[in-house]
$ cat target_23.cif   # mmCIF, C-alpha atoms; chains and numbers go by the auth columns
data_start
loop_
_atom_site.group_PDB
_atom_site.id
_atom_site.type_symbol
_atom_site.label_atom_id
_atom_site.label_comp_id
_atom_site.label_asym_id
_atom_site.label_seq_id
_atom_site.Cartn_x
_atom_site.Cartn_y
_atom_site.Cartn_z
_atom_site.B_iso_or_equiv
_atom_site.auth_seq_id
_atom_site.auth_asym_id
ATOM 1 C CA MET A 1 0.000 0.000 0.000 0.00 1 D
ATOM 2 C CA CYS A 2 1.547 3.248 -1.145 0.00 2 D
ATOM 3 C CA MET A 3 0.171 6.447 0.335 0.00 3 D
ATOM 4 C CA THR A 4 0.883 10.106 -0.148 0.00 4 D
ATOM 5 C CA LYS A 5 2.285 12.404 2.513 0.00 5 D
ATOM 6 C CA LYS A 6 -1.172 13.987 2.855 0.00 6 D
ATOM 7 C CA GLU A 7 -2.697 10.544 3.487 0.00 7 D
ATOM 8 C CA LEU A 8 0.054 9.798 6.007 0.00 8 D
ATOM 9 C CA GLU A 9 -0.715 13.065 7.800 0.00 9 D
ATOM 10 C CA SER A 10 -4.379 12.072 7.892 0.00 10 D
ATOM 11 C CA LYS A 11 -3.483 8.657 9.341 0.00 11 D
ATOM 12 C CA VAL A 12 -1.382 10.316 12.067 0.00 12 D
ATOM 13 C CA GLU A 13 -4.316 12.531 13.025 0.00 13 D
ATOM 14 C CA GLU A 14 -6.620 9.494 13.028 0.00 14 D
ATOM 15 C CA LEU A 15 -4.111 7.646 15.231 0.00 15 D
ATOM 16 C CA ARG A 16 -3.969 10.528 17.702 0.00 16 D
ATOM 17 C CA SER A 17 -7.746 10.743 17.833 0.00 17 D
ATOM 18 C CA LEU A 18 -8.108 7.010 18.437 0.00 18 D
ATOM 19 C CA LYS A 19 -5.427 7.074 21.159 0.00 19 D
ATOM 20 C CA THR A 20 -7.332 9.862 22.909 0.00 20 D
ATOM 21 C CA MET A 21 -10.544 7.821 22.714 0.00 21 D
ATOM 22 C CA LYS A 22 -8.648 4.760 24.006 0.00 22 D
ATOM 23 C CA GLU A 23 -7.370 6.735 26.997 0.00 23 D
ATOM 24 C CA GLU A 24 -10.871 7.978 27.797 0.00 24 D
ATOM 25 C CA ILE A 25 -12.294 4.452 27.570 0.00 25 D
ATOM 26 C CA GLU A 26 -9.467 3.061 29.729 0.00 26 D
ATOM 27 C CA ASN A 27 -10.290 5.689 32.365 0.00 27 D
ATOM 28 C CA GLU A 28 -13.947 4.622 32.273 0.00 28 D
ATOM 29 C CA LEU A 29 -12.932 0.945 32.510 0.00 29 D
ATOM 30 C CA ASN A 30 -10.747 1.676 35.531 0.00 30 D
ATOM 31 C CA ALA A 31 -13.588 3.525 37.246 0.00 31 D
ATOM 32 C CA VAL A 32 -16.000 0.627 36.684 0.00 32 D
ATOM 33 C CA GLU A 33 -13.403 -1.925 37.852 0.00 33 D
ATOM 34 C CA HIS A 34 -12.759 0.188 40.955 0.00 34 D
ATOM 35 C CA SER A 35 -16.456 0.237 41.826 0.00 35 D
ATOM 36 C CA ILE A 36 -16.648 -3.568 41.444 0.00 36 D
ATOM 37 C CA ILE A 37 -13.559 -3.982 43.666 0.00 37 D
ATOM 38 C CA GLU A 38 -15.106 -1.612 46.191 0.00 38 D
ATOM 39 C CA TYR A 39 -18.274 -3.739 46.263 0.00 39 D
ATOM 40 C CA MET A 40 -16.226 -6.920 46.758 0.00 40 D
ATOM 41 C CA THR A 41 -14.099 -5.463 49.565 0.00 41 D
ATOM 42 C CA GLU A 42 -16.968 -3.746 51.364 0.00 42 D
ATOM 43 C CA ASN A 43 -18.868 -7.033 51.410 0.00 43 D
ATOM 44 C CA GLU A 44 -15.727 -9.042 52.226 0.00 44 D
ATOM 45 C CA LEU A 45 -16.219 -11.294 49.203 0.00 45 D
ATOM 46 C CA ASP A 46 -13.672 -13.097 47.085 0.00 46 D
ATOM 47 C CA THR A 47 -16.309 -14.610 44.781 0.00 47 D
ATOM 48 C CA GLU A 48 -19.701 -13.305 43.683 0.00 48 D
ATOM 49 C CA PHE A 49 -22.209 -14.519 41.137 0.00 49 D
ATOM 50 C CA VAL A 50 -24.565 -12.362 39.087 0.00 50 D
ATOM 51 C CA PRO A 51 -26.851 -13.661 36.326 0.00 51 D
ATOM 52 C CA ASN A 52 -24.319 -13.076 33.549 0.00 52 D
ATOM 53 C CA ALA A 53 -20.942 -13.367 35.318 0.00 53 D
ATOM 54 C CA LYS A 54 -18.826 -14.932 38.030 0.00 54 D
ATOM 55 C CA ILE A 55 -16.692 -12.274 39.744 0.00 55 D
ATOM 56 C CA THR A 56 -13.577 -13.118 41.735 0.00 56 D
ATOM 57 C CA TYR A 57 -11.273 -10.774 43.603 0.00 57 D
ATOM 58 C CA LYS A 58 -8.506 -12.821 45.184 0.00 58 D
ATOM 59 C CA PRO A 59 -4.845 -12.308 45.932 0.00 59 D
ATOM 60 C CA GLN A 60 -2.327 -13.822 43.573 0.00 60 D
ATOM 61 C CA SER A 61 1.447 -13.933 43.539 0.00 61 D
ATOM 62 C CA ARG A 62 4.247 -13.924 41.014 0.00 62 D
ATOM 63 C CA THR A 63 7.775 -15.186 41.500 0.00 63 D
ATOM 64 C CA THR A 64 10.707 -13.400 39.897 0.00 64 D
ATOM 65 C CA LEU A 65 14.473 -13.710 40.127 0.00 65 D
ATOM 66 C CA ASP A 66 16.501 -11.110 42.002 0.00 66 D
ATOM 67 C CA LYS A 67 19.250 -10.259 39.506 0.00 67 D
ATOM 68 C CA GLU A 68 21.479 -8.630 42.133 0.00 68 D
ATOM 69 C CA LYS A 69 21.450 -11.695 44.394 0.00 69 D
ATOM 70 C CA LEU A 70 21.930 -13.976 41.396 0.00 70 D
ATOM 71 C CA THR A 71 24.978 -11.923 40.440 0.00 71 D
ATOM 72 C CA GLU A 72 26.343 -12.352 43.969 0.00 72 D
ATOM 73 C CA VAL A 73 26.063 -16.146 43.655 0.00 73 D
ATOM 74 C CA LEU A 74 26.992 -16.679 40.006 0.00 74 D
ATOM 75 C CA GLY A 75 29.187 -13.657 39.341 0.00 75 D
ATOM 76 C CA GLU A 76 28.867 -10.966 36.720 0.00 76 D
ATOM 77 C CA ASP A 77 28.500 -13.289 33.713 0.00 77 D
ATOM 78 C CA LEU A 78 24.760 -13.882 33.499 0.00 78 D
ATOM 79 C CA LYS A 79 24.765 -14.006 29.671 0.00 79 D
ATOM 80 C CA PRO A 80 24.036 -17.767 29.538 0.00 80 D
ATOM 81 C CA PHE A 81 20.825 -17.117 31.462 0.00 81 D
ATOM 82 C CA GLU A 82 19.604 -14.103 29.505 0.00 82 D
ATOM 83 C CA LYS A 83 16.891 -14.241 26.880 0.00 83 D
ATOM 84 C CA THR A 84 16.529 -11.407 24.379 0.00 84 D
ATOM 85 C CA THR A 85 13.390 -10.757 22.382 0.00 85 D
ATOM 86 C CA SER A 86 13.411 -8.319 19.471 0.00 86 D
ATOM 87 C CA TYR A 87 10.422 -6.505 18.064 0.00 87 D
ATOM 88 C CA ASN A 88 9.566 -3.387 16.074 0.00 88 D
ATOM 89 C CA VAL A 89 8.152 -0.314 17.795 0.00 89 D
ATOM 90 C CA LEU A 90 6.101 2.452 16.161 0.00 90 D
ATOM 91 C CA ARG A 91 6.235 5.829 17.876 0.00 91 D
ATOM 92 C CA VAL A 92 4.322 8.877 16.702 0.00 92 D
ATOM 93 C CA LYS A 93 4.895 12.090 18.678 0.00 93 D
#
$ encode --input "target_23.cif" --output "structure tokens"
Amino acid sequence: MCMTKKELESKVEELRSLKTMKEEIENELNAVEHSIIEYMTENELDTEFVPNAKITYKPQSRTTLDKEKLTEVLGEDLKPFEKTTSYNVLRVK
């Protein structure tokens, strides 16, 4: 697809407009999620059922490696344990 500079300019404006709409919708989503969390905590619930959904609000955990402590044990050469992922990034300012 080959486009003109004018079309590119139009696409940039469309992108900016959509990003603004996305931000507004994300703010609305966060507000609705907060009100659901508030309901769950006020009623001391971790699970609730409504006609069209099962709602859970429970703690969860994630385990990560402490790179500084790993360096203390294994030394500075952590290259054999590193994984690099490459990807393209589009930025429009």
$ atom_distance --input "target_23.cif" --atom1 "CA of Ser35 (chain D)" --atom2 "CA of Tyr57 (chain D)"
12.3 Å
$ atom_distance --input "target_23.cif" --atom1 "CA of Glu33 (chain D)" --atom2 "CA of Met21 (chain D)"
18.2 Å
$ residues_near_point --input "target_23.cif" --point "(16.1, -18.1, 37.5)" --cutoff "8 Å" --atoms "all atoms listed in the file" --output "list in words"
Thr64, Leu65 and Phe81 of chain D
$ closest_residue --input "target_23.cif" --among "D:Met1, D:Ser61, D:Arg16, D:Leu29" --to "Arg91 (chain D)" --atoms "all atoms listed in the file"
D:Arg16
$ residues_around --input "target_23.cif" --residues "Asp46 (chain D)" --least-positions-apart "6" --cutoff "10 Å" --atoms "all atoms listed in the file" --output "PyMOL selection string"
chain D and resi 37+40+55-59
$ write_last_selection --input "target_23.cif" --atoms "C-alpha atoms" --output "PDB file, keeping the file's coordinate frame"
ATOM      1  CA  ILE D  37     -13.559  -3.982  43.666  1.00  0.00           C
ATOM      2  CA  MET D  40     -16.226  -6.920  46.758  1.00  0.00           C
ATOM      3  CA  ILE D  55     -16.692 -12.274  39.744  1.00  0.00           C
ATOM      4  CA  THR D  56     -13.577 -13.118  41.735  1.00  0.00           C
ATOM      5  CA  TYR D  57     -11.273 -10.774  43.603  1.00  0.00           C
ATOM      6  CA  LYS D  58      -8.506 -12.821  45.184  1.00  0.00           C
ATOM      7  CA  PRO D  59      -4.845 -12.308  45.932  1.00  0.00           C
TER       8      PRO D  59
END
$ atom_distance --input "target_23.cif" --atom1 "CA of Asn52 (chain D)" --atom2 "CA of His34 (chain D)"
19.1 Å
$ decode --input "target_23.cif" --residues "chain D" --atoms "C-alpha atoms" --output "short mmCIF file (atom, residue, chain, number, x, y, z; two decimals), in the first residue's frame"
data_model
loop_
_atom_site.label_atom_id
_atom_site.label_comp_id
_atom_site.auth_asym_id
_atom_site.auth_seq_id
_atom_site.Cartn_x
_atom_site.Cartn_y
_atom_site.Cartn_z
CA MET D 1 0.00 0.00 0.00
CA CYS D 2 1.55 3.25 -1.14
CA MET D 3 0.17 6.45 0.33
CA THR D 4 0.88 10.11 -0.15
CA LYS D 5 2.28 12.40 2.51
CA LYS D 6 -1.17 13.99 2.86
CA GLU D 7 -2.70 10.54 3.49
CA LEU D 8 0.05 9.80 6.01
CA GLU D 9 -0.71 13.07 7.80
CA SER D 10 -4.38 12.07 7.89
CA LYS D 11 -3.48 8.66 9.34
CA VAL D 12 -1.38 10.32 12.07
CA GLU D 13 -4.32 12.53 13.02
CA GLU D 14 -6.62 9.49 13.03
CA LEU D 15 -4.11 7.65 15.23
CA ARG D 16 -3.97 10.53 17.70
CA SER D 17 -7.75 10.74 17.83
CA LEU D 18 -8.11 7.01 18.44
CA LYS D 19 -5.43 7.07 21.16
CA THR D 20 -7.33 9.86 22.91
CA MET D 21 -10.54 7.82 22.71
CA LYS D 22 -8.65 4.76 24.01
CA GLU D 23 -7.37 6.73 27.00
CA GLU D 24 -10.87 7.98 27.80
CA ILE D 25 -12.29 4.45 27.57
CA GLU D 26 -9.47 3.06 29.73
CA ASN D 27 -10.29 5.69 32.36
CA GLU D 28 -13.95 4.62 32.27
CA LEU D 29 -12.93 0.95 32.51
CA ASN D 30 -10.75 1.68 35.53
CA ALA D 31 -13.59 3.52 37.25
CA VAL D 32 -16.00 0.63 36.68
CA GLU D 33 -13.40 -1.93 37.85
CA HIS D 34 -12.76 0.19 40.95
CA SER D 35 -16.46 0.24 41.83
CA ILE D 36 -16.65 -3.57 41.44
CA ILE D 37 -13.56 -3.98 43.67
CA GLU D 38 -15.11 -1.61 46.19
CA TYR D 39 -18.27 -3.74 46.26
CA MET D 40 -16.23 -6.92 46.76
CA THR D 41 -14.10 -5.46 49.57
CA GLU D 42 -16.97 -3.75 51.36
CA ASN D 43 -18.87 -7.03 51.41
CA GLU D 44 -15.73 -9.04 52.23
CA LEU D 45 -16.22 -11.29 49.20
CA ASP D 46 -13.67 -13.10 47.08
CA THR D 47 -16.31 -14.61 44.78
CA GLU D 48 -19.70 -13.31 43.68
CA PHE D 49 -22.21 -14.52 41.14
CA VAL D 50 -24.56 -12.36 39.09
CA PRO D 51 -26.85 -13.66 36.33
CA ASN D 52 -24.32 -13.08 33.55
CA ALA D 53 -20.94 -13.37 35.32
CA LYS D 54 -18.83 -14.93 38.03
CA ILE D 55 -16.69 -12.27 39.74
CA THR D 56 -13.58 -13.12 41.73
CA TYR D 57 -11.27 -10.77 43.60
CA LYS D 58 -8.51 -12.82 45.18
CA PRO D 59 -4.85 -12.31 45.93
CA GLN D 60 -2.33 -13.82 43.57
CA SER D 61 1.45 -13.93 43.54
CA ARG D 62 4.25 -13.92 41.01
CA THR D 63 7.78 -15.19 41.50
CA THR D 64 10.71 -13.40 39.90
CA LEU D 65 14.47 -13.71 40.13
CA ASP D 66 16.50 -11.11 42.00
CA LYS D 67 19.25 -10.26 39.51
CA GLU D 68 21.48 -8.63 42.13
CA LYS D 69 21.45 -11.69 44.39
CA LEU D 70 21.93 -13.98 41.40
CA THR D 71 24.98 -11.92 40.44
CA GLU D 72 26.34 -12.35 43.97
CA VAL D 73 26.06 -16.15 43.65
CA LEU D 74 26.99 -16.68 40.01
CA GLY D 75 29.19 -13.66 39.34
CA GLU D 76 28.87 -10.97 36.72
CA ASP D 77 28.50 -13.29 33.71
CA LEU D 78 24.76 -13.88 33.50
CA LYS D 79 24.77 -14.01 29.67
CA PRO D 80 24.04 -17.77 29.54
CA PHE D 81 20.82 -17.12 31.46
CA GLU D 82 19.60 -14.10 29.51
CA LYS D 83 16.89 -14.24 26.88
CA THR D 84 16.53 -11.41 24.38
CA THR D 85 13.39 -10.76 22.38
CA SER D 86 13.41 -8.32 19.47
CA TYR D 87 10.42 -6.50 18.06
CA ASN D 88 9.57 -3.39 16.07
CA VAL D 89 8.15 -0.31 17.80
CA LEU D 90 6.10 2.45 16.16
CA ARG D 91 6.24 5.83 17.88
CA VAL D 92 4.32 8.88 16.70
CA LYS D 93 4.90 12.09 18.68
#
